[in-house]
$ cat data_11.txt   # compact mmCIF, N, CA and C atoms
# COMPACT_ATOMS: atom_id res chain seq x y z
N MET A 171 9.47 -13.13 24.96
CA MET A 171 9.06 -11.87 25.56
C MET A 171 7.61 -11.59 25.21
N GLY A 172 6.81 -11.34 26.20
CA GLY A 172 5.39 -11.09 25.99
C GLY A 172 5.10 -9.61 25.86
N ILE A 173 3.83 -9.31 25.63
CA ILE A 173 3.39 -7.93 25.55
C ILE A 173 3.29 -7.41 26.98
N PRO A 174 3.92 -6.25 27.29
CA PRO A 174 3.95 -5.76 28.67
C PRO A 174 2.58 -5.62 29.32
N VAL A 175 1.59 -5.15 28.59
CA VAL A 175 0.25 -4.96 29.18
C VAL A 175 -0.33 -6.30 29.60
N ILE A 176 -0.17 -7.31 28.76
CA ILE A 176 -0.70 -8.64 29.08
C ILE A 176 -0.02 -9.19 30.33
N SER A 177 1.30 -9.04 30.42
CA SER A 177 1.99 -9.55 31.61
C SER A 177 1.56 -8.77 32.86
N ASP A 178 1.27 -7.47 32.71
CA ASP A 178 0.75 -6.69 33.84
C ASP A 178 -0.61 -7.20 34.28
N ILE A 179 -1.46 -7.54 33.32
CA ILE A 179 -2.79 -8.08 33.65
C ILE A 179 -2.64 -9.41 34.37
N ILE A 180 -1.77 -10.25 33.84
CA ILE A 180 -1.57 -11.57 34.46
C ILE A 180 -1.05 -11.40 35.88
N GLN A 181 -0.11 -10.48 36.09
CA GLN A 181 0.41 -10.25 37.44
C GLN A 181 -0.67 -9.73 38.37
N ALA A 182 -1.53 -8.84 37.87
CA ALA A 182 -2.60 -8.29 38.71
C ALA A 182 -3.60 -9.38 39.10
N ILE A 183 -3.89 -10.28 38.16
CA ILE A 183 -4.82 -11.36 38.45
C ILE A 183 -4.15 -12.42 39.32
N ALA A 184 -2.86 -12.64 39.10
CA ALA A 184 -2.16 -13.70 39.82
C ALA A 184 -1.83 -13.31 41.27
N LYS A 185 -1.83 -12.04 41.59
CA LYS A 185 -1.49 -11.61 42.96
C LYS A 185 -2.42 -12.23 44.00
N PRO A 186 -3.75 -12.19 43.79
CA PRO A 186 -4.62 -12.85 44.77
C PRO A 186 -4.39 -14.37 44.83
N ILE A 187 -4.02 -14.96 43.69
CA ILE A 187 -3.73 -16.40 43.69
C ILE A 187 -2.55 -16.68 44.60
N ASP A 188 -1.51 -15.85 44.50
CA ASP A 188 -0.33 -16.04 45.36
C ASP A 188 -0.71 -15.91 46.84
N ASP A 189 -1.61 -14.98 47.13
CA ASP A 189 -2.00 -14.75 48.52
C ASP A 189 -2.92 -15.84 49.07
N LEU A 190 -3.80 -16.39 48.22
CA LEU A 190 -4.81 -17.32 48.69
C LEU A 190 -4.43 -18.79 48.56
N VAL A 191 -3.58 -19.13 47.59
CA VAL A 191 -3.26 -20.53 47.33
C VAL A 191 -1.85 -20.81 47.87
N GLY A 192 -1.75 -21.85 48.67
CA GLY A 192 -0.46 -22.20 49.25
C GLY A 192 0.36 -23.17 48.41
N ASP A 193 -0.27 -24.02 47.66
CA ASP A 193 0.40 -25.05 46.87
C ASP A 193 1.03 -24.42 45.62
N THR A 194 2.34 -24.56 45.46
CA THR A 194 3.03 -23.94 44.32
C THR A 194 2.64 -24.58 42.99
N ASP A 195 2.39 -25.87 42.98
CA ASP A 195 1.97 -26.52 41.73
C ASP A 195 0.59 -26.01 41.30
N LEU A 196 -0.31 -25.85 42.25
CA LEU A 196 -1.64 -25.33 41.95
C LEU A 196 -1.55 -23.88 41.46
N LYS A 197 -0.67 -23.09 42.09
CA LYS A 197 -0.47 -21.71 41.66
C LYS A 197 -0.02 -21.67 40.21
N ARG A 198 0.96 -22.49 39.89
CA ARG A 198 1.50 -22.55 38.53
C ARG A 198 0.41 -22.95 37.53
N LYS A 199 -0.40 -23.93 37.93
CA LYS A 199 -1.48 -24.41 37.06
C LYS A 199 -2.53 -23.32 36.85
N LEU A 200 -2.91 -22.62 37.91
CA LEU A 200 -3.89 -21.55 37.78
C LEU A 200 -3.38 -20.39 36.91
N LYS A 201 -2.11 -20.04 37.09
CA LYS A 201 -1.53 -18.96 36.27
C LYS A 201 -1.46 -19.37 34.80
N ALA A 202 -1.14 -20.62 34.53
CA ALA A 202 -1.11 -21.11 33.16
C ALA A 202 -2.51 -21.09 32.56
N GLU A 203 -3.50 -21.40 33.36
CA GLU A 203 -4.89 -21.37 32.89
C GLU A 203 -5.31 -19.93 32.55
N ILE A 204 -4.89 -18.97 33.37
CA ILE A 204 -5.19 -17.56 33.10
C ILE A 204 -4.54 -17.13 31.78
N GLN A 205 -3.28 -17.50 31.59
CA GLN A 205 -2.59 -17.16 30.35
C GLN A 205 -3.29 -17.79 29.15
N GLY A 206 -3.72 -19.02 29.30
CA GLY A 206 -4.43 -19.70 28.22
C GLY A 206 -5.74 -19.01 27.87
N GLN A 207 -6.47 -18.57 28.89
CA GLN A 207 -7.73 -17.86 28.65
C GLN A 207 -7.49 -16.53 27.95
N LEU A 208 -6.46 -15.79 28.37
CA LEU A 208 -6.14 -14.52 27.72
C LEU A 208 -5.72 -14.75 26.27
N PHE A 209 -4.98 -15.82 26.03
CA PHE A 209 -4.56 -16.16 24.68
C PHE A 209 -5.78 -16.46 23.81
N GLN A 210 -6.74 -17.22 24.35
CA GLN A 210 -7.95 -17.53 23.59
C GLN A 210 -8.76 -16.26 23.27
N LEU A 211 -8.80 -15.34 24.21
CA LEU A 211 -9.49 -14.06 23.95
C LEU A 211 -8.79 -13.29 22.84
N ASP A 212 -7.46 -13.28 22.85
CA ASP A 212 -6.70 -12.61 21.79
C ASP A 212 -6.97 -13.25 20.44
N MET A 213 -6.99 -14.56 20.40
CA MET A 213 -7.25 -15.26 19.14
C MET A 213 -8.66 -14.98 18.62
N ALA A 214 -9.63 -14.88 19.52
CA ALA A 214 -11.00 -14.56 19.11
C ALA A 214 -11.06 -13.15 18.53
N GLN A 215 -10.34 -12.21 19.14
CA GLN A 215 -10.33 -10.84 18.62
C GLN A 215 -9.64 -10.78 17.26
N ILE A 216 -8.58 -11.54 17.09
CA ILE A 216 -7.89 -11.59 15.80
C ILE A 216 -8.82 -12.13 14.72
N ALA A 217 -9.60 -13.14 15.05
CA ALA A 217 -10.54 -13.71 14.08
C ALA A 217 -11.59 -12.67 13.68
N VAL A 218 -12.08 -11.91 14.64
CA VAL A 218 -13.05 -10.85 14.34
C VAL A 218 -12.40 -9.80 13.45
N ASN A 219 -11.18 -9.41 13.77
CA ASN A 219 -10.48 -8.41 12.97
C ASN A 219 -10.27 -8.88 11.53
N GLN A 220 -9.95 -10.16 11.35
CA GLN A 220 -9.74 -10.69 10.01
C GLN A 220 -11.04 -10.67 9.20
N GLN A 221 -12.13 -11.07 9.81
CA GLN A 221 -13.42 -11.04 9.11
C GLN A 221 -13.81 -9.61 8.77
N GLU A 222 -13.57 -8.70 9.70
CA GLU A 222 -13.91 -7.31 9.48
C GLU A 222 -13.09 -6.72 8.33
N ALA A 223 -11.79 -7.00 8.30
CA ALA A 223 -10.91 -6.45 7.27
C ALA A 223 -11.23 -7.03 5.89
N ALA A 224 -11.73 -8.25 5.83
CA ALA A 224 -12.03 -8.89 4.56
C ALA A 224 -13.43 -8.55 4.04
N HIS A 225 -14.19 -7.82 4.81
CA HIS A 225 -15.57 -7.50 4.43
C HIS A 225 -15.61 -6.65 3.16
N LYS A 226 -16.60 -6.87 2.30
CA LYS A 226 -16.69 -6.15 1.03
C LYS A 226 -17.17 -4.72 1.20
N SER A 227 -17.86 -4.45 2.27
CA SER A 227 -18.39 -3.11 2.51
C SER A 227 -17.30 -2.20 3.05
N LEU A 228 -17.15 -1.04 2.43
CA LEU A 228 -16.19 -0.05 2.90
C LEU A 228 -16.57 0.46 4.29
N TYR A 229 -17.87 0.44 4.59
CA TYR A 229 -18.35 0.89 5.90
C TYR A 229 -17.80 0.01 7.01
N VAL A 230 -17.64 -1.29 6.76
CA VAL A 230 -17.15 -2.22 7.77
C VAL A 230 -15.63 -2.31 7.73
N ALA A 231 -15.06 -2.49 6.55
CA ALA A 231 -13.62 -2.73 6.42
C ALA A 231 -12.80 -1.44 6.41
N GLY A 232 -13.43 -0.31 6.17
CA GLY A 232 -12.67 0.91 5.98
C GLY A 232 -12.57 1.84 7.17
N TRP A 233 -13.11 1.46 8.31
CA TRP A 233 -13.08 2.40 9.42
C TRP A 233 -11.68 2.61 9.98
N ARG A 234 -10.84 1.59 9.98
CA ARG A 234 -9.48 1.78 10.48
C ARG A 234 -8.66 2.70 9.57
N PRO A 235 -8.68 2.45 8.23
CA PRO A 235 -7.96 3.39 7.37
C PRO A 235 -8.52 4.81 7.46
N PHE A 236 -9.83 4.92 7.64
CA PHE A 236 -10.44 6.24 7.77
C PHE A 236 -9.86 6.98 8.98
N ILE A 237 -9.79 6.29 10.12
CA ILE A 237 -9.23 6.91 11.32
C ILE A 237 -7.77 7.31 11.08
N GLY A 238 -7.03 6.46 10.39
CA GLY A 238 -5.64 6.77 10.08
C GLY A 238 -5.51 8.02 9.23
N TRP A 239 -6.35 8.14 8.20
CA TRP A 239 -6.29 9.32 7.33
C TRP A 239 -6.72 10.58 8.07
N VAL A 240 -7.76 10.45 8.90
CA VAL A 240 -8.21 11.61 9.67
C VAL A 240 -7.09 12.09 10.60
N CYS A 241 -6.43 11.16 11.27
CA CYS A 241 -5.33 11.53 12.17
C CYS A 241 -4.18 12.15 11.39
N GLY A 242 -3.86 11.59 10.23
CA GLY A 242 -2.78 12.14 9.41
C GLY A 242 -3.07 13.56 8.96
N VAL A 243 -4.30 13.82 8.51
CA VAL A 243 -4.67 15.16 8.08
C VAL A 243 -4.66 16.12 9.28
N ALA A 244 -5.16 15.66 10.43
CA ALA A 244 -5.19 16.52 11.62
C ALA A 244 -3.78 16.87 12.09
N ILE A 245 -2.86 15.91 12.03
CA ILE A 245 -1.47 16.21 12.41
C ILE A 245 -0.84 17.16 11.42
N ALA A 246 -1.09 16.95 10.13
CA ALA A 246 -0.55 17.85 9.12
C ALA A 246 -1.06 19.28 9.36
N TRP A 247 -2.34 19.41 9.71
CA TRP A 247 -2.88 20.74 9.99
C TRP A 247 -2.26 21.31 11.26
N ALA A 248 -2.19 20.52 12.33
CA ALA A 248 -1.71 21.02 13.63
C ALA A 248 -0.25 21.46 13.57
N PHE A 249 0.58 20.75 12.82
CA PHE A 249 2.01 21.04 12.84
C PHE A 249 2.51 21.81 11.63
N LEU A 250 1.71 21.90 10.57
CA LEU A 250 2.17 22.61 9.38
C LEU A 250 1.12 23.60 8.89
N GLY A 251 -0.06 23.10 8.54
CA GLY A 251 -1.09 23.94 7.94
C GLY A 251 -1.51 25.11 8.79
N GLN A 252 -1.68 24.89 10.08
CA GLN A 252 -2.12 25.96 10.96
C GLN A 252 -1.11 27.10 11.00
N HIS A 253 0.17 26.77 11.03
CA HIS A 253 1.21 27.81 11.10
C HIS A 253 1.31 28.58 9.79
N VAL A 254 1.18 27.88 8.68
CA VAL A 254 1.17 28.55 7.37
C VAL A 254 -0.07 29.43 7.25
N ALA A 255 -1.22 28.94 7.71
CA ALA A 255 -2.45 29.72 7.67
C ALA A 255 -2.35 30.96 8.56
N GLU A 256 -1.75 30.84 9.73
CA GLU A 256 -1.58 32.00 10.62
C GLU A 256 -0.72 33.06 9.95
N TRP A 257 0.33 32.62 9.29
CA TRP A 257 1.22 33.54 8.59
C TRP A 257 0.45 34.24 7.46
N ALA A 258 -0.29 33.46 6.68
CA ALA A 258 -1.03 34.03 5.56
C ALA A 258 -2.12 34.98 6.04
N VAL A 259 -2.83 34.62 7.09
CA VAL A 259 -3.89 35.47 7.62
C VAL A 259 -3.30 36.75 8.19
N ALA A 260 -2.15 36.66 8.86
CA ALA A 260 -1.51 37.85 9.42
C ALA A 260 -1.16 38.85 8.32
N ILE A 261 -0.82 38.35 7.14
CA ILE A 261 -0.45 39.24 6.03
C ILE A 261 -1.69 39.77 5.31
N TRP A 262 -2.63 38.89 4.92
CA TRP A 262 -3.72 39.28 4.03
C TRP A 262 -5.06 39.54 4.72
N ALA A 263 -5.30 38.97 5.88
CA ALA A 263 -6.60 39.17 6.53
C ALA A 263 -6.44 39.15 8.04
N PRO A 264 -5.79 40.18 8.58
CA PRO A 264 -5.56 40.19 10.03
C PRO A 264 -6.88 40.13 10.81
N GLY A 265 -6.84 39.34 11.89
CA GLY A 265 -8.01 39.22 12.75
C GLY A 265 -8.95 38.08 12.39
N THR A 266 -8.70 37.40 11.27
CA THR A 266 -9.55 36.28 10.89
C THR A 266 -9.22 35.07 11.76
N PRO A 267 -10.25 34.45 12.38
CA PRO A 267 -9.95 33.29 13.24
C PRO A 267 -9.53 32.07 12.43
N ILE A 268 -8.62 31.32 12.99
CA ILE A 268 -8.12 30.09 12.35
C ILE A 268 -8.49 28.91 13.24
N PRO A 269 -9.07 27.84 12.67
CA PRO A 269 -9.43 26.68 13.51
C PRO A 269 -8.20 26.02 14.11
N GLU A 270 -8.33 25.65 15.37
CA GLU A 270 -7.23 24.97 16.06
C GLU A 270 -7.62 23.53 16.33
N VAL A 271 -6.62 22.67 16.34
CA VAL A 271 -6.82 21.26 16.66
C VAL A 271 -6.23 21.05 18.06
N GLU A 272 -6.98 20.35 18.92
CA GLU A 272 -6.46 20.02 20.24
C GLU A 272 -5.37 18.97 20.08
N SER A 273 -4.14 19.42 20.07
CA SER A 273 -3.04 18.50 19.76
C SER A 273 -2.80 17.48 20.87
N ASP A 274 -3.19 17.77 22.10
CA ASP A 274 -3.00 16.79 23.19
C ASP A 274 -3.80 15.53 22.93
N ARG A 275 -5.07 15.69 22.68
CA ARG A 275 -5.94 14.53 22.42
C ARG A 275 -5.57 13.86 21.10
N LEU A 276 -5.21 14.68 20.13
CA LEU A 276 -4.81 14.13 18.84
C LEU A 276 -3.58 13.26 18.99
N MET A 277 -2.60 13.72 19.73
CA MET A 277 -1.37 12.94 19.91
C MET A 277 -1.64 11.66 20.68
N GLU A 278 -2.55 11.68 21.65
CA GLU A 278 -2.91 10.45 22.35
C GLU A 278 -3.46 9.41 21.38
N LEU A 279 -4.35 9.86 20.50
CA LEU A 279 -4.95 8.96 19.53
C LEU A 279 -3.92 8.43 18.54
N VAL A 280 -3.08 9.33 18.03
CA VAL A 280 -2.08 8.92 17.04
C VAL A 280 -1.07 7.97 17.67
N LEU A 281 -0.61 8.28 18.86
CA LEU A 281 0.37 7.40 19.51
C LEU A 281 -0.24 6.03 19.81
N ALA A 282 -1.51 6.00 20.16
CA ALA A 282 -2.17 4.70 20.36
C ALA A 282 -2.22 3.93 19.05
N MET A 283 -2.53 4.62 17.96
CA MET A 283 -2.57 3.95 16.66
C MET A 283 -1.19 3.48 16.24
N LEU A 284 -0.17 4.30 16.50
CA LEU A 284 1.19 3.89 16.16
C LEU A 284 1.63 2.71 17.01
N GLY A 285 1.14 2.65 18.23
CA GLY A 285 1.43 1.49 19.07
C GLY A 285 0.85 0.23 18.46
N MET A 286 -0.37 0.34 17.93
CA MET A 286 -0.97 -0.80 17.26
C MET A 286 -0.18 -1.18 16.02
N ALA A 287 0.32 -0.17 15.30
CA ALA A 287 1.15 -0.45 14.13
C ALA A 287 2.45 -1.13 14.56
N GLY A 288 2.95 -0.74 15.73
CA GLY A 288 4.15 -1.39 16.24
C GLY A 288 3.91 -2.86 16.54
N LEU A 289 2.73 -3.16 17.05
CA LEU A 289 2.38 -4.56 17.28
C LEU A 289 2.29 -5.32 15.97
N ARG A 290 1.78 -4.66 14.95
CA ARG A 290 1.68 -5.29 13.63
C ARG A 290 3.09 -5.57 13.08
N THR A 291 4.01 -4.63 13.28
CA THR A 291 5.39 -4.84 12.85
C THR A 291 5.99 -6.02 13.60
N TYR A 292 5.70 -6.11 14.88
CA TYR A 292 6.20 -7.23 15.68
C TYR A 292 5.67 -8.55 15.12
N GLU A 293 4.38 -8.58 14.76
CA GLU A 293 3.80 -9.80 14.18
C GLU A 293 4.52 -10.17 12.89
N LYS A 294 4.80 -9.19 12.05
CA LYS A 294 5.47 -9.47 10.78
C LYS A 294 6.88 -10.01 11.01
N ARG A 295 7.60 -9.42 11.95
CA ARG A 295 8.96 -9.87 12.22
C ARG A 295 8.98 -11.26 12.86
N ALA A 296 7.95 -11.56 13.64
CA ALA A 296 7.88 -12.87 14.28
C ALA A 296 7.39 -13.94 13.31
N GLY A 297 6.92 -13.51 12.13
CA GLY A 297 6.46 -14.46 11.13
C GLY A 297 5.06 -15.00 11.37
N VAL A 298 4.26 -14.31 12.16
CA VAL A 298 2.90 -14.79 12.44
C VAL A 298 1.84 -13.91 11.80
N ALA A 299 2.25 -12.92 11.00
CA ALA A 299 1.30 -12.02 10.37
C ALA A 299 0.62 -12.69 9.20
N ARG A 300 -0.64 -12.37 9.01
CA ARG A 300 -1.40 -12.88 7.87
C ARG A 300 -1.06 -12.02 6.66
N GLU A 301 -0.73 -12.65 5.57
CA GLU A 301 -0.42 -11.94 4.33
C GLU A 301 -1.60 -12.05 3.39
N LYS A 302 -1.89 -10.98 2.68
CA LYS A 302 -3.05 -10.96 1.75
C LYS A 302 -2.64 -11.58 0.44
$ encode --input "data_11.txt" --output "structure tokens"
Amino acid sequence: MGIPVISDIIQAIAKPIDDLVGDTDLKRKLKAEIQGQLFQLDMAQIAVNQQEAAHKSLYVAGWRPFIGWVCGVAIAWAFLGQHVAEWAVAIWAPGTPIPEVESDRLMELVLAMLGMAGLRTYEKRAGVAREK
């Protein structure tokens, strides 16, 4: 079973091949070549990610954990801290403005990150994950 987005890309690219090429063997060969090229691109990105994660500079290697912590703090504020702050302000300082987090955009970002974590879990279960 492949990654759904990749198979969607392959289908989108392969549609013109189906329309333009009549020979089924050639179609199969061209589609296999497309899959091979996408696989090579994925492997190149993985190599970049590995070098980036192993870098000694926190500026280079730490940006992903930073985004994770920022999202975690923002979600904690949006779903817990903001409501506690509203309650406290209503009691002790009525009328004081409380900062709001745009939870729609925040959830898009967090769900995208969780999707990436899901892919990482898939790699670990498939036995292809790199262990430190």
$ atom_distance --input "data_11.txt" --atom1 "atom CA of A:Gln252" --atom2 "atom CA of A:Val280"
18.1 Å
$ closest_residue --input "data_11.txt" --among "A:Ala214, A:Leu276, A:Val271, A:Ala202" --to "A:Gly251" --atoms "only C-alpha atoms"
A:Val271
$ closest_atom_pairs --input "data_11.txt" --of "stretch 201-273 of chain A" --to "stretch 177-194 of chain A" --cutoff "10 Å" --atoms "only C-alpha atoms" --output "JSON lines"
{"residue": "A:Lys201", "atom": "CA", "partner": "A:Ala184", "partner_atom": "CA", "distance": 6.4}
{"residue": "A:Ala202", "atom": "CA", "partner": "A:Ile180", "partner_atom": "CA", "distance": 9.6}
{"residue": "A:Ile204", "atom": "CA", "partner": "A:Ile180", "partner_atom": "CA", "distance": 7.1}
{"residue": "A:Gln205", "atom": "CA", "partner": "A:Ile180", "partner_atom": "CA", "distance": 7.0}
{"residue": "A:Leu208", "atom": "CA", "partner": "A:Ile180", "partner_atom": "CA", "distance": 8.7}
$ residues_around --input "data_11.txt" --residues "A:Ser273" --least-positions-apart "3" --cutoff "9 Å" --atoms "only C-alpha atoms" --output "PyMOL selection string"
chain A and resi 244-245+248-249+270+276-278
$ atom_distance --input "data_11.txt" --atom1 "atom CA of A:Ala231" --atom2 "atom CA of A:Asn219"
9.2 Å
$ select_by_dssp --input "data_11.txt" --residues "chain A" --states "helix (DSSP H, G or I)" --output "PyMOL selection string"
chain A and resi 174-190+194-224+228-231+233-262+273-296
$ atom_distance --input "data_11.txt" --atom1 "atom C of A:Val240" --atom2 "atom CA of A:Leu279"
9.7 Å
